[in-house]
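To be precise, the following lines are entry-v2.cif, and they hold mmCIF, C-alpha atoms.
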data_final
#
loop_
_atom_site.label_atom_id
_atom_site.label_comp_id
_atom_site.auth_asym_id
_atom_site.auth_seq_id
_atom_site.Cartn_x
_atom_site.Cartn_y
_atom_site.Cartn_z
CA MET O 1 82.56 110.93 82.13
CA ILE O 2 85.87 111.45 83.93
CA SER O 3 84.35 110.09 87.12
CA LEU O 4 82.97 107.05 85.36
CA GLY O 5 86.38 106.40 83.85
CA VAL O 6 88.05 106.61 87.27
CA ILE O 7 85.54 104.15 88.74
CA VAL O 8 85.88 101.71 85.84
CA VAL O 9 89.68 101.73 86.09
CA LEU O 10 89.85 101.43 89.88
CA ALA O 11 87.22 98.71 90.08
CA GLY O 12 88.43 96.99 86.92
CA ILE O 13 92.05 96.47 87.96
CA PRO O 14 91.38 94.14 90.94
CA HIS O 15 88.68 92.27 89.00
CA VAL O 16 90.99 91.68 86.03
CA LEU O 17 93.81 90.55 88.31
CA ALA O 18 91.48 88.24 90.25
CA GLU O 19 90.26 86.71 86.99
CA GLN O 20 93.84 86.28 85.85
CA VAL O 21 94.77 84.45 89.07
CA LYS O 22 91.72 82.22 88.66
CA SER O 23 92.55 81.30 85.08
CA ASN O 24 96.21 80.68 86.05
CA GLN O 25 95.03 78.29 88.74
CA ASN O 26 92.91 76.42 86.20
CA GLU O 27 95.84 76.11 83.82
CA VAL O 28 97.80 73.72 86.03
CA SER O 29 99.22 70.43 84.87
CA PRO O 30 96.93 67.36 84.83
CA VAL O 31 98.82 65.85 87.80
CA THR O 32 98.20 68.81 90.09
CA GLN O 33 94.71 69.27 88.72
CA GLN O 34 93.75 65.85 89.95
CA LYS O 35 94.47 66.56 93.61
CA PRO O 36 91.92 69.26 94.44
CA LEU O 37 89.26 67.42 92.48
CA GLU O 38 89.79 64.29 94.52
CA GLN O 39 89.63 66.26 97.76
CA SER O 40 86.61 68.30 96.94
CA GLN O 41 84.46 65.77 95.12
CA PRO O 42 82.57 64.26 98.08
CA VAL O 43 81.80 67.70 99.46
CA LYS O 44 80.76 69.19 96.12
CA LYS O 45 78.35 66.37 95.60
CA GLU O 46 76.55 67.25 98.82
CA ASN O 47 76.50 70.98 98.49
CA ASP O 48 78.20 73.75 96.55
CA ASN O 49 78.42 76.07 99.54
CA PRO O 50 81.96 77.57 99.60
CA LEU O 51 82.13 77.00 103.35
CA PHE O 52 82.54 73.28 102.85
CA GLY O 53 86.05 71.94 102.98
CA LYS O 54 89.13 72.07 105.15
CA TRP O 55 90.31 75.24 106.82
CA LYS O 56 93.48 76.09 108.69
CA VAL O 57 93.42 78.43 111.67
CA ASN O 58 96.64 79.77 113.17
CA TYR O 59 96.91 80.52 116.88
CA ASN O 60 99.60 82.41 118.69
CA SER O 61 98.30 82.68 122.22
CA GLU O 62 99.84 81.68 125.53
CA ALA O 63 97.42 78.77 125.70
CA PHE O 64 98.24 77.42 122.26
CA LYS O 65 100.80 78.21 119.61
CA GLY O 66 100.31 76.43 116.34
CA ALA O 67 97.45 75.67 114.00
CA VAL O 68 94.25 73.72 113.87
CA ILE O 69 92.74 72.08 110.81
CA ASN O 70 88.96 72.25 110.77
CA GLU O 71 86.60 70.74 108.27
CA ILE O 72 83.13 72.05 107.55
CA THR O 73 80.89 69.28 106.39
CA LEU O 74 77.33 68.00 106.43
CA ASP O 75 76.10 65.79 109.23
CA ASN O 76 72.48 64.64 108.97
CA GLY O 77 71.66 67.67 106.89
CA LYS O 78 73.33 70.09 109.32
CA MET O 79 76.46 72.06 108.58
CA ILE O 80 79.04 71.37 111.24
CA GLY O 81 82.70 72.06 111.82
CA ILE O 82 85.03 69.33 113.03
CA THR O 83 88.61 69.75 114.17
CA VAL O 84 90.48 67.06 112.26
CA ALA O 85 94.05 67.87 113.28
CA TYR O 86 96.13 69.91 115.69
CA ILE O 87 99.57 71.15 114.65
CA ASP O 88 101.91 72.51 117.30
CA GLU O 89 104.41 75.33 116.78
CA TYR O 90 107.14 72.81 115.83
CA GLY O 91 104.98 71.32 113.08
CA ASN O 92 104.05 68.11 114.92
CA SER O 93 100.50 67.14 114.05
CA GLU O 94 97.94 65.04 115.86
CA LYS O 95 94.71 63.76 114.36
CA ALA O 96 91.41 64.66 116.01
CA ASN O 97 87.70 64.33 115.51
CA ASP O 98 86.10 67.00 117.71
CA THR O 99 82.92 68.79 116.70
CA ILE O 100 83.58 72.45 117.41
CA LEU O 101 81.02 74.30 115.32
CA GLU O 102 77.38 73.99 114.46
CA ILE O 103 76.00 76.38 111.86
CA THR O 104 72.47 77.27 112.84
CA LEU O 105 71.55 79.80 110.19
CA GLU O 106 72.75 78.69 106.79
CA LYS O 107 71.00 81.22 104.62
CA ALA O 108 71.72 84.37 106.58
CA HIS O 109 74.79 86.40 105.90
CA PRO O 110 76.91 86.44 107.92
CA TYR O 111 76.20 82.81 108.83
CA LYS O 112 75.39 82.22 112.45
CA GLY O 113 76.42 79.30 114.56
CA ILE O 114 77.52 77.91 117.91
CA TYR O 115 81.26 77.68 118.42
CA GLN O 116 82.78 75.47 121.08
CA LEU O 117 85.65 77.09 122.96
CA GLU O 118 88.07 75.69 125.48
CA TYR O 119 89.18 78.14 128.15
CA GLU O 120 91.19 77.17 131.22
CA GLY O 121 90.01 73.58 130.96
CA GLU O 122 86.34 74.52 130.68
CA SER O 123 84.28 74.13 127.53
CA TYR O 124 81.95 76.92 126.42
CA LYS O 125 79.37 77.03 123.63
CA VAL O 126 79.41 80.53 122.23
CA PRO O 127 77.18 82.13 119.57
CA CYS O 128 79.31 83.19 116.63
CA LYS O 129 79.16 84.74 113.18
CA ILE O 130 80.88 83.28 110.16
CA GLN O 131 81.61 85.69 107.36
CA SER O 132 82.91 84.50 104.01
CA VAL O 133 85.62 87.02 103.10
CA SER O 134 86.64 85.36 99.86
CA GLU O 135 86.72 81.89 98.36
CA THR O 136 89.76 81.11 100.45
CA GLN O 137 89.14 82.99 103.68
CA LEU O 138 86.41 83.22 106.23
CA ARG O 139 86.14 85.22 109.40
CA LEU O 140 84.65 83.66 112.51
CA SER O 141 83.88 86.13 115.27
CA TYR O 142 82.24 85.99 118.66
CA ASP O 143 81.59 88.22 121.60
CA TYR O 144 80.78 86.28 124.73
CA TYR O 145 80.13 88.48 127.75
CA GLY O 146 82.87 90.88 126.68
CA TYR O 147 85.31 88.16 125.64
CA ALA O 148 85.52 88.88 121.94
CA ASP O 149 87.76 87.48 119.27
CA THR O 150 87.95 87.06 115.53
CA GLU O 151 89.54 84.06 113.88
CA ILE O 152 90.63 83.94 110.27
CA TRP O 153 90.19 80.57 108.64
CA ASN O 154 92.25 79.93 105.51
CA LYS O 155 91.06 77.32 103.06
CA ILE O 156 93.31 74.41 102.37
CA ARG O 157 93.31 73.76 98.67
CA MET V 1 104.67 93.36 89.94
CA ILE V 2 101.34 91.88 88.81
CA GLU V 3 102.06 88.79 90.90
CA PHE V 4 102.74 90.98 93.92
CA LEU V 5 99.56 93.01 93.41
CA SER V 6 97.36 89.95 92.97
CA GLN V 7 98.93 87.96 95.79
CA GLU V 8 96.23 87.11 98.32
CA LEU V 9 96.68 88.71 101.74
CA ASN V 10 95.77 87.47 105.16
CA TRP V 11 92.89 89.43 106.66
CA VAL V 12 94.64 89.55 110.02
CA ASP V 13 97.57 91.43 108.45
CA VAL V 14 95.28 93.82 106.57
CA GLU V 15 93.29 94.62 109.69
CA TYR V 16 96.53 94.96 111.68
CA TRP V 17 97.93 97.63 109.36
CA PHE V 18 94.64 99.49 109.23
CA THR V 19 94.58 99.45 113.04
CA ILE V 20 98.08 100.96 113.12
CA PHE V 21 97.12 103.74 110.69
CA ASN V 22 93.50 104.31 111.61
CA ASP V 23 93.27 103.77 115.34
CA TRP V 24 96.74 104.31 116.74
CA SER V 25 97.53 107.44 114.73
CA LEU V 26 95.54 109.38 117.31
CA ILE V 27 98.16 108.45 119.89
CA TYR V 28 101.36 108.67 117.91
CA ILE V 29 100.67 111.64 115.65
CA ILE V 30 97.40 113.52 116.13
CA ILE V 31 97.51 114.26 119.87
CA PRO V 32 101.26 115.06 119.87
CA PHE V 33 100.75 117.32 116.86
CA PHE V 34 97.88 119.10 118.59
CA PHE V 35 100.22 119.85 121.51
CA VAL V 36 102.75 121.28 119.05
CA GLU V 37 99.98 123.51 117.74
CA LEU V 38 99.11 124.66 121.26
CA ILE V 39 102.77 125.50 121.86
CA ARG V 40 102.81 127.43 118.58
CA TYR V 41 99.69 129.35 119.64
CA THR V 42 101.42 130.14 122.95
CA VAL V 43 104.64 131.34 121.29
CA LEU V 44 102.67 133.53 118.88
CA LYS V 45 100.56 134.79 121.81
CA LYS V 46 97.44 133.48 120.08
CA LEU V 47 96.42 130.98 122.73
CA THR V 48 93.16 132.62 123.74
CA MET V 49 90.22 131.26 125.72
CA ASP V 50 88.34 131.23 122.42
CA VAL V 51 90.83 128.74 120.95
CA ILE V 52 90.53 126.53 124.04
CA PHE V 53 86.71 126.60 124.21
CA ASP V 54 86.51 126.13 120.45
CA SER V 55 88.71 123.03 120.75
CA ILE V 56 86.58 121.67 123.58
CA ALA V 57 83.42 122.23 121.51
CA ASN V 58 85.11 120.37 118.63
CA ILE V 59 85.81 117.33 120.77
CA ILE V 60 82.29 117.33 122.25
CA SER V 61 80.74 117.53 118.79
CA PHE V 62 82.89 114.54 117.87
CA PHE V 63 81.29 112.48 120.64
CA GLY V 64 77.84 113.41 119.31
CA PHE V 65 78.94 112.33 115.86
CA VAL V 66 80.42 109.06 117.15
CA LEU V 67 77.19 108.21 118.96
CA ILE V 68 75.18 108.66 115.74
CA GLU V 69 77.89 106.82 113.79
CA TYR V 70 77.63 103.83 116.13
CA ILE V 71 73.87 103.63 115.83
CA LEU V 72 74.13 103.94 112.04
CA GLY V 73 77.09 101.59 111.94
CA ILE V 74 75.14 98.80 113.55
CA LEU V 75 72.33 99.34 111.07
CA ALA V 76 74.27 100.15 107.94
CA ILE V 77 77.32 98.00 108.16
CA THR V 78 75.85 94.80 109.47
CA LYS V 79 72.63 95.00 107.50
CA ILE V 80 72.64 97.20 104.41
CA TYR V 81 76.29 96.71 103.47
CA PHE V 82 76.30 92.93 103.78
CA TRP V 83 72.86 92.62 102.21
CA THR V 84 74.06 94.69 99.25
CA TYR V 85 77.30 92.70 99.12
CA ASP V 86 75.34 89.45 98.95
CA ASN V 87 72.59 90.50 96.57
CA PHE V 88 73.74 93.40 94.40
CA SER V 89 77.45 93.00 94.00
CA LEU V 90 79.86 92.07 91.25
CA PRO V 91 81.86 88.89 92.03
CA HIS V 92 83.47 89.24 95.44
CA LEU V 93 87.09 90.31 95.20
CA PRO V 94 89.83 88.40 97.00
CA ILE V 95 91.85 90.48 99.45
CA SER V 96 95.02 91.34 97.57
CA TRP V 97 97.28 94.40 97.38
CA ALA V 98 95.44 95.47 94.22
CA THR V 99 92.09 95.19 96.00
CA VAL V 100 93.27 97.13 99.06
CA ILE V 101 94.96 99.91 97.04
CA CYS V 102 92.04 100.29 94.62
CA CYS V 103 89.56 100.25 97.49
CA ILE V 104 91.41 103.08 99.25
CA LEU V 105 91.53 105.07 96.00
CA LEU V 106 87.84 104.46 95.37
CA ALA V 107 87.04 105.44 98.97
CA ASP V 108 89.07 108.60 98.38
CA PHE V 109 87.18 109.33 95.16
CA ALA V 110 83.87 108.65 96.91
CA TYR V 111 84.99 111.03 99.66
CA TYR V 112 85.57 113.74 97.03
CA TRP V 113 82.01 113.41 95.68
CA ASP V 114 80.45 113.02 99.11
CA HIS V 115 82.30 116.12 100.28
CA ARG V 116 81.28 118.07 97.17
CA MET V 117 77.68 117.07 97.70
CA MET V 118 77.83 118.19 101.33
CA HIS V 119 78.83 121.64 100.10
CA ARG V 120 76.43 121.87 97.18
CA VAL V 121 73.23 120.39 98.62
CA GLY V 122 71.24 122.28 101.27
CA LEU V 123 70.78 119.33 103.60
CA GLY V 124 74.42 118.33 103.23
CA TRP V 125 75.63 121.82 104.06
CA ALA V 126 73.30 121.96 107.08
CA THR V 127 75.37 119.24 108.69
CA HIS V 128 78.79 119.96 107.16
CA THR V 129 78.71 123.67 108.04
CA VAL V 130 79.48 122.55 111.62
CA HIS V 131 82.95 121.47 110.48
CA HIS V 132 83.54 124.80 108.74
CA SER V 133 82.12 127.05 111.44
CA SER V 134 85.31 127.27 113.51
CA LYS V 135 87.31 130.47 113.20
CA HIS V 136 90.45 128.49 113.93
CA PHE V 137 92.34 125.81 112.07
CA ASN V 138 94.02 123.06 114.04
CA MET V 139 93.82 119.28 114.54
CA SER V 140 90.82 119.57 116.87
CA VAL V 141 88.78 121.16 114.05
CA ALA V 142 89.11 117.86 112.17
CA TYR V 143 86.93 116.32 114.88
CA ARG V 144 84.23 118.96 114.60
CA PHE V 145 81.46 116.99 112.93
CA GLY V 146 77.80 117.65 112.23
CA PRO V 147 74.92 115.35 113.21
CA LEU V 148 74.40 113.85 109.74
CA ASP V 149 78.04 113.69 108.68
CA ALA V 150 77.96 109.92 109.05
CA VAL V 151 74.85 109.48 106.92
CA PHE V 152 75.86 110.84 103.54
CA PRO V 153 79.04 108.76 103.10
CA ILE V 154 76.86 105.63 103.08
CA LEU V 155 75.36 106.73 99.76
CA PHE V 156 78.83 106.87 98.25
CA SER V 157 80.37 103.79 99.84
CA LEU V 158 77.53 101.42 98.97
CA PRO V 159 78.43 101.56 95.25
CA ILE V 160 81.97 100.47 96.20
CA VAL V 161 80.48 97.45 97.99
CA MET V 162 78.43 96.80 94.84
CA LEU V 163 81.65 96.71 92.85
CA GLY V 164 82.67 93.59 94.80
CA PHE V 165 84.79 95.08 97.59
CA ASP V 166 84.40 93.59 101.07
CA PRO V 167 82.24 95.91 103.23
CA ILE V 168 84.71 95.84 106.11
CA LEU V 169 87.55 96.77 103.74
CA VAL V 170 85.43 99.64 102.41
CA LEU V 171 84.78 100.87 105.94
CA LEU V 172 88.45 100.62 106.91
CA SER V 173 89.43 102.49 103.73
CA GLU V 174 86.94 105.26 104.48
CA VAL V 175 88.39 105.68 107.97
CA PHE V 176 91.88 105.71 106.44
CA VAL V 177 90.88 108.61 104.17
CA GLN V 178 89.34 110.41 107.14
CA VAL V 179 92.50 109.97 109.22
CA PHE V 180 94.64 111.34 106.38
CA GLN V 181 92.25 114.30 106.18
CA THR V 182 92.60 114.88 109.92
CA LEU V 183 96.34 115.43 109.53
CA LEU V 184 95.73 118.29 107.10
CA HIS V 185 94.08 120.53 109.70
CA THR V 186 97.12 122.53 110.69
CA GLU V 187 98.78 125.89 110.15
CA VAL V 188 102.14 124.56 111.33
CA ILE V 189 103.03 123.09 107.93
CA LYS V 190 103.18 125.75 105.24
CA LYS V 191 103.80 124.29 101.78
CA LEU V 192 105.31 120.93 100.92
CA PRO V 193 107.59 120.16 97.94
CA LYS V 194 105.89 120.79 94.60
CA PRO V 195 105.42 117.17 93.45
CA ILE V 196 103.63 116.40 96.73
CA GLU V 197 101.49 119.53 96.47
CA TYR V 198 100.62 118.52 92.90
CA ILE V 199 99.44 114.99 93.69
CA PHE V 200 98.37 114.94 97.32
CA ASN V 201 96.02 116.97 99.40
CA THR V 202 98.16 119.00 101.80
CA PRO V 203 97.57 121.37 104.74
CA SER V 204 97.91 124.28 102.29
CA HIS V 205 95.21 122.93 99.97
CA HIS V 206 92.94 122.16 102.89
CA ARG V 207 93.37 125.61 104.43
CA VAL V 208 91.96 126.92 101.16
CA HIS V 209 89.02 124.57 101.54
CA HIS V 210 88.29 126.07 104.98
CA GLY V 211 88.63 129.65 103.76
CA SER V 212 85.74 132.07 103.87
CA ASN V 213 87.49 134.30 101.29
CA ARG V 214 85.13 134.35 98.31
CA GLN V 215 87.61 132.76 95.84
CA TYR V 216 88.12 129.85 98.23
CA TRP V 217 84.45 128.83 98.50
CA ASP V 218 83.65 125.28 97.37
CA LYS V 219 87.22 124.39 96.41
CA ASN V 220 89.62 121.56 97.21
CA TYR V 221 87.18 118.82 98.28
CA ALA V 222 89.85 116.11 98.15
CA GLY V 223 90.63 113.58 100.83
CA ILE V 224 94.03 112.09 100.01
CA LEU V 225 94.62 113.00 96.35
CA ILE V 226 94.23 116.60 95.19
CA ILE V 227 94.33 115.34 91.60
CA TRP V 228 90.57 114.69 91.84
CA ASP V 229 90.05 118.46 92.26
CA ARG V 230 92.50 119.23 89.47
CA MET V 231 90.68 116.77 87.16
CA LEU V 232 87.18 117.98 88.04
CA GLY V 233 87.82 121.73 88.04
CA THR V 234 87.51 122.51 91.74
CA PHE V 235 91.15 123.17 92.56
CA GLU V 236 92.32 126.49 94.02
CA PRO V 237 95.86 127.17 95.27
CA GLU V 238 96.58 129.02 98.52
CA VAL V 239 97.56 132.55 97.56
CA GLU V 240 95.69 135.10 99.69
CA LYS V 241 95.87 134.65 103.49
CA VAL V 242 93.02 132.40 104.53
CA ARG V 243 90.21 133.69 106.77
CA TYR V 244 88.61 130.67 108.42
CA GLY V 245 84.95 130.15 109.14
CA ILE V 246 81.63 130.62 107.37
CA ASP V 247 79.97 133.67 105.86
CA LYS V 248 77.45 133.85 108.73
CA PRO V 249 79.56 133.11 111.85
CA ILE V 250 77.86 131.46 114.83
CA ASN V 251 79.94 133.39 117.40
CA SER V 252 79.51 130.68 120.01
CA ASN V 253 81.49 127.85 121.52
CA ASN V 254 78.43 126.21 123.04
CA PRO V 255 78.85 122.60 121.83
CA ILE V 256 75.10 122.07 121.39
CA LYS V 257 74.77 125.24 119.33
CA VAL V 258 77.87 124.33 117.34
CA PHE V 259 76.55 120.82 116.66
CA LEU V 260 73.02 121.79 115.71
CA HIS V 261 73.26 125.30 114.24
CA GLY V 262 73.29 124.07 110.63
CA LEU V 263 70.13 122.03 110.97
CA GLN V 264 68.47 124.82 112.93
CA ARG V 265 69.26 127.35 110.17
CA LEU V 266 68.01 124.91 107.53
CA PHE V 267 64.72 124.32 109.37
CA GLU V 268 64.25 128.08 109.75
CA LYS V 269 64.90 128.57 106.05
CA VAL V 270 62.46 125.78 105.14
CA ALA V 271 59.83 127.31 107.43
CA ASP V 272 60.32 130.76 105.89
CA THR V 273 60.22 129.51 102.29
CA PRO V 274 56.78 129.60 100.68
CA GLY V 275 55.41 126.58 98.77
CA PHE V 276 56.04 122.85 99.18
CA THR V 277 58.24 122.53 96.06
CA ASN V 278 60.38 125.43 97.18
CA LYS V 279 60.73 123.93 100.66
CA LEU V 280 61.92 120.71 99.05
CA LYS V 281 64.32 122.66 96.86
CA VAL V 282 65.85 124.30 99.94
CA LEU V 283 66.92 120.79 100.99
CA ILE V 284 68.43 119.74 97.69
CA MET V 285 69.60 122.94 95.99
CA PRO V 286 72.91 124.67 96.86
CA PRO V 287 72.94 126.41 100.27
CA GLY V 288 72.52 129.95 98.91
CA TRP V 289 69.49 129.07 96.80
CA GLN V 290 66.41 131.29 97.14
CA PRO V 291 63.09 130.93 95.31
CA LYS V 292 62.51 133.52 92.57
CA PRO V 293 60.36 136.35 93.89
CA ASN V 294 56.81 136.51 92.44
CA LYS V 295 56.40 139.28 89.87
#
Could the structure of this file be written out as structure tokens, please?
Amino acid sequence: MISLGVIVVLAGIPHVLAEQVKSNQNEVSPVTQQKPLEQSQPVKKENDNPLFGKWKVNYNSEAFKGAVINEITLDNGKMIGITVAYIDEYGNSEKANDTILEITLEKAHPYKGIYQLEYEGESYKVPCKIQSVSETQLRLSYDYYGYADTEIWNKIR
Amino acid sequence: MIEFLSQELNWVDVEYWFTIFNDWSLIYIIIPFFFVELIRYTVLKKLTMDVIFDSIANIISFFGFVLIEYILGILAITKIYFWTYDNFSLPHLPISWATVICCILLADFAYYWDHRMMHRVGLGWATHTVHHSSKHFNMSVAYRFGPLDAVFPILFSLPIVMLGFDPILVLLSEVFVQVFQTLLHTEVIKKLPKPIEYIFNTPSHHRVHHGSNRQYWDKNYAGILIIWDRMLGTFEPEVEKVRYGIDKPINSNNPIKVFLHGLQRLFEKVADTPGFTNKLKVLIMPPGWQPKPNK
């Protein structure tokens, strides 16, 4: 009984708090409520997969400091990722339309795909795994002949 | 406070802090502390060849354990954990302070029960006896693992995954508990201030756990919090000087013998036990269990 109580309390606290955050987010004013609906409507119509939408990835490497905005969408029935904007470390942004990800296995978990990398001017297509961490975060990881990295993609609401 | 606890965290930051505590602690605390212990042994004129060979056997057994852990890790973490997380889990929890703290506490509680089971189930003790078979007590003993020590924790961490916690977070929390436990394997620190001794597992409490004195058997299973033992009736304070080791010493520093002696003894006991049901009971009953003699 004591053990069950401990488990209920320790598992219950984060669930209750997560629910509270969710309900707080739903209780926003009608003006702010309109925005996410407008953004997500076309995607939701196609598919309810939480991967769909815009994601921000921060980079702090010698090659690139700043962030990239990617969008996961449907293209002829295939899930793909497109870089839609680059933001440098000073906040200057530049629009783009580069396909960088193709999700090959949509039902497996973690998802599997091909990620396009730029390294020293060369372009590489690398097998990758995409793991949904939460509704607002996903983890994209790859290991290509010993060159391994994990990127955290944060959802843009 | 509630806002702070429910504030969503960046995975990169969470993994960064776990790396600092879990991975790098070997460099900045465990190895330096082990050298302090060696100096202490030298000053007390207790640095014998037995201590050195025992420590070497501990490290070698650790490599055996890591090898099995890796093989299991590939299987368990990438397959079973994520499959469970996707199919048999409560709603997935966002990564917040509340999630991380509760996950560590749950991992600690799971560690308590896993540890208790390892002591009270024949098969569990066959692997865990390796850890207890050293006659010494220092940081290297923390790395003295048995061949199945990586298997049993899976049974206790899967339910945490089922409660909606991210499998990677569960794994990192388990390692965190293990690293905390590692730091308790020392005779250098005597007793800490009372409030700490009351709430946390300390070197003193863990020395008791490693004692072969009869009153110290099967006590103080805790990982981080000793309150689990206090709540569940398995707490014992350090009073009498602790004699380390097991009731039937192995008297060997041969790493292979150290690593496999528990399983070997279990197989011998199973072979010597008459009847299929009794053989099965040897695996699941407490280590000292014997079938009732026929009248």
Worksheet entry | Answer key for the PyMOL selection byres ((chain V) within 6 of (chain O)), residues as a PyMOL selection string | chain V and resi 6+94+98-99+102
Practice prompt. Mind giving me the straight-line distance from atom CA of O:Glu62 to atom CA of O:Ile100 in Å, one decimal?
Written response: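 Taking atom CA of O:Glu62 as the start and atom CA of O:Ile100 as the end point, the length is 20.4 Å.
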Discussion item. Neighbouring residues of O:Tyr147 were defined as those with any atom within 12 Å, considering all atoms listed in the file; residues of the same chain fewer than 2 positions away were excluded. Please report them as a list of chain:residue names.
Written reply: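 Skipping anything fewer than 2 positions along the chain leaves O:Leu117, O:Tyr119, O:Tyr124, O:Val126, O:Pro127, O:Cys128, O:Ser141, O:Tyr142, O:Asp143, O:Tyr144, O:Tyr145, O:Asp149, O:Thr150.
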Worksheet entry | Shell around stretch 65-70 of chain O at 8 Å using only C-alpha atoms, local window under 3 positions removed, as a PyMOL selection string | chain O and resi 54-62+81-91
Could you write those residues out with C-alpha atoms, as a CSV table (one decimal), in the frame of the given file?
chain,number,residue,atom,x,y,z
O,54,LYS,CA,89.1,72.1,105.2
O,55,TRP,CA,90.3,75.2,106.8
O,56,LYS,CA,93.5,76.1,108.7
O,57,VAL,CA,93.4,78.4,111.7
O,58,ASN,CA,96.6,79.8,113.2
O,59,TYR,CA,96.9,80.5,116.9
O,60,ASN,CA,99.6,82.4,118.7
O,61,SER,CA,98.3,82.7,122.2
O,62,GLU,CA,99.8,81.7,125.5
O,81,GLY,CA,82.7,72.1,111.8
O,82,ILE,CA,85.0,69.3,113.0
O,83,THR,CA,88.6,69.8,114.2
O,84,VAL,CA,90.5,67.1,112.3
O,85,ALA,CA,94.0,67.9,113.3
O,86,TYR,CA,96.1,69.9,115.7
O,87,ILE,CA,99.6,71.2,114.6
O,88,ASP,CA,101.9,72.5,117.3
O,89,GLU,CA,104.4,75.3,116.8
O,90,TYR,CA,107.1,72.8,115.8
O,91,GLY,CA,105.0,71.3,113.1
Discussion item. Show me, as a PyMOL selection string, the residues that have an atom within 12 Å of V:Met117 when counting only C-alpha atoms, minus same-chain residues fewer than 2 positions from it.
Written reply: chain V and resi 110-115+119-128+149+152-153+155-156+218+221+283-287
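Using all atoms listed in the file for every distance, the candidate list O:Gly77, O:Leu4, O:Phe52, O:Gly146 yields O:Leu4 as the residue closest to V:Phe109.
Near V:His261, within 9 Å and counting only C-alpha atoms, sit Ala126, Thr127, Thr129, Val130, Ile250, Ile256 and Leu266 of chain V, not including residues fewer than 5 positions from it in the same chain.
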Serialized selection, C-alpha atoms, as a PDB file, keeping the file's coordinate frame:
ATOM      1  CA  ALA V 126      73.300 121.960 107.080  1.00  0.00           C
ATOM      2  CA  THR V 127      75.370 119.240 108.690  1.00  0.00           C
ATOM      3  CA  THR V 129      78.710 123.670 108.040  1.00  0.00           C
ATOM      4  CA  VAL V 130      79.480 122.550 111.620  1.00  0.00           C
ATOM      5  CA  ILE V 250      77.860 131.460 114.830  1.00  0.00           C
ATOM      6  CA  ILE V 256      75.100 122.070 121.390  1.00  0.00           C
ATOM      7  CA  LEU V 266      68.010 124.910 107.530  1.00  0.00           C
TER       8      LEU V 266
END
Item to complete: Could you expand the PyMOL selection byres ((chain V and resi 240) around 10) into the explicit residues it covers here, written as a PyMOL selection string?
Response: chain V and resi 208+211+213+215-216+237-239+241-243
Item to complete: Counting only C-alpha atoms, figure out which residue out of O:Glu118, O:Asn24, O:Thr99, O:Thr104 gets nearest to O:Ala63.
Response: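 Ranking O:Glu118, O:Asn24, O:Thr99, O:Thr104 by distance to O:Ala63, first place goes to O:Glu118.
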Worksheet item: How far is it from atom CA of V:Leu158 to atom CA of V:Thr84, in Å with one decimal?
Response: 7.6 Å
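For V:Leu163, the list of residues within 8 Å, based on all atoms listed in the file and with local chain neighbours fewer than 5 positions off taken out, reads Ala11 of chain O; Ser89, Leu90 and Pro91 of chain V.
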Item to complete: Could you jot down the atom CA of V:His136 to atom CA of V:Asn220 separation for me, Å, one decimal place?
Response: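 Atom CA of V:His136 sits 18.1 Å away from atom CA of V:Asn220.
When only C-alpha atoms are used to measure the gap to V:Asn22, the shortest distance among V:Leu260, V:Ile80, V:Val177, V:Ile2 belongs to V:Val177.
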Worksheet item: Exactly which residues make up the result of the PyMOL selection byres ((chain V and resi 41) around 12) on this file, given as a list in words?
Response: Phe34, Phe35, Val36, Glu37, Leu38, Ile39, Arg40, Thr42, Val43, Leu44, Lys45, Lys46, Leu47, Thr48, Met49, Asp50, Val51, Ile52, His136, Phe137, Asn138, Thr186, Glu187 and Val188 of chain V
Using only the atoms of stretch 12-23 of chain V listed in the file, plus 8 Å on each side, state the axis-aligned box centre and edge lengths in Å rounded to one decimal, as lines of an AutoDock Vina configuration file.
center_x = 95.7
center_y = 96.9
center_z = 111.0
size_x = 20.8
size_y = 30.8
size_z = 24.8
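Proximity ranking of V:Ser173, V:Asn278, V:Ser61, V:Ser204 relative to V:Pro147 places V:Ser61 first, based on all atoms listed in the file.
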Response to the item:
Counting all atoms listed in the file, the residue among V:Asn201, V:Asn253, V:Asn10, V:Thr234 that lies closest to V:Val100 is V:Asn10
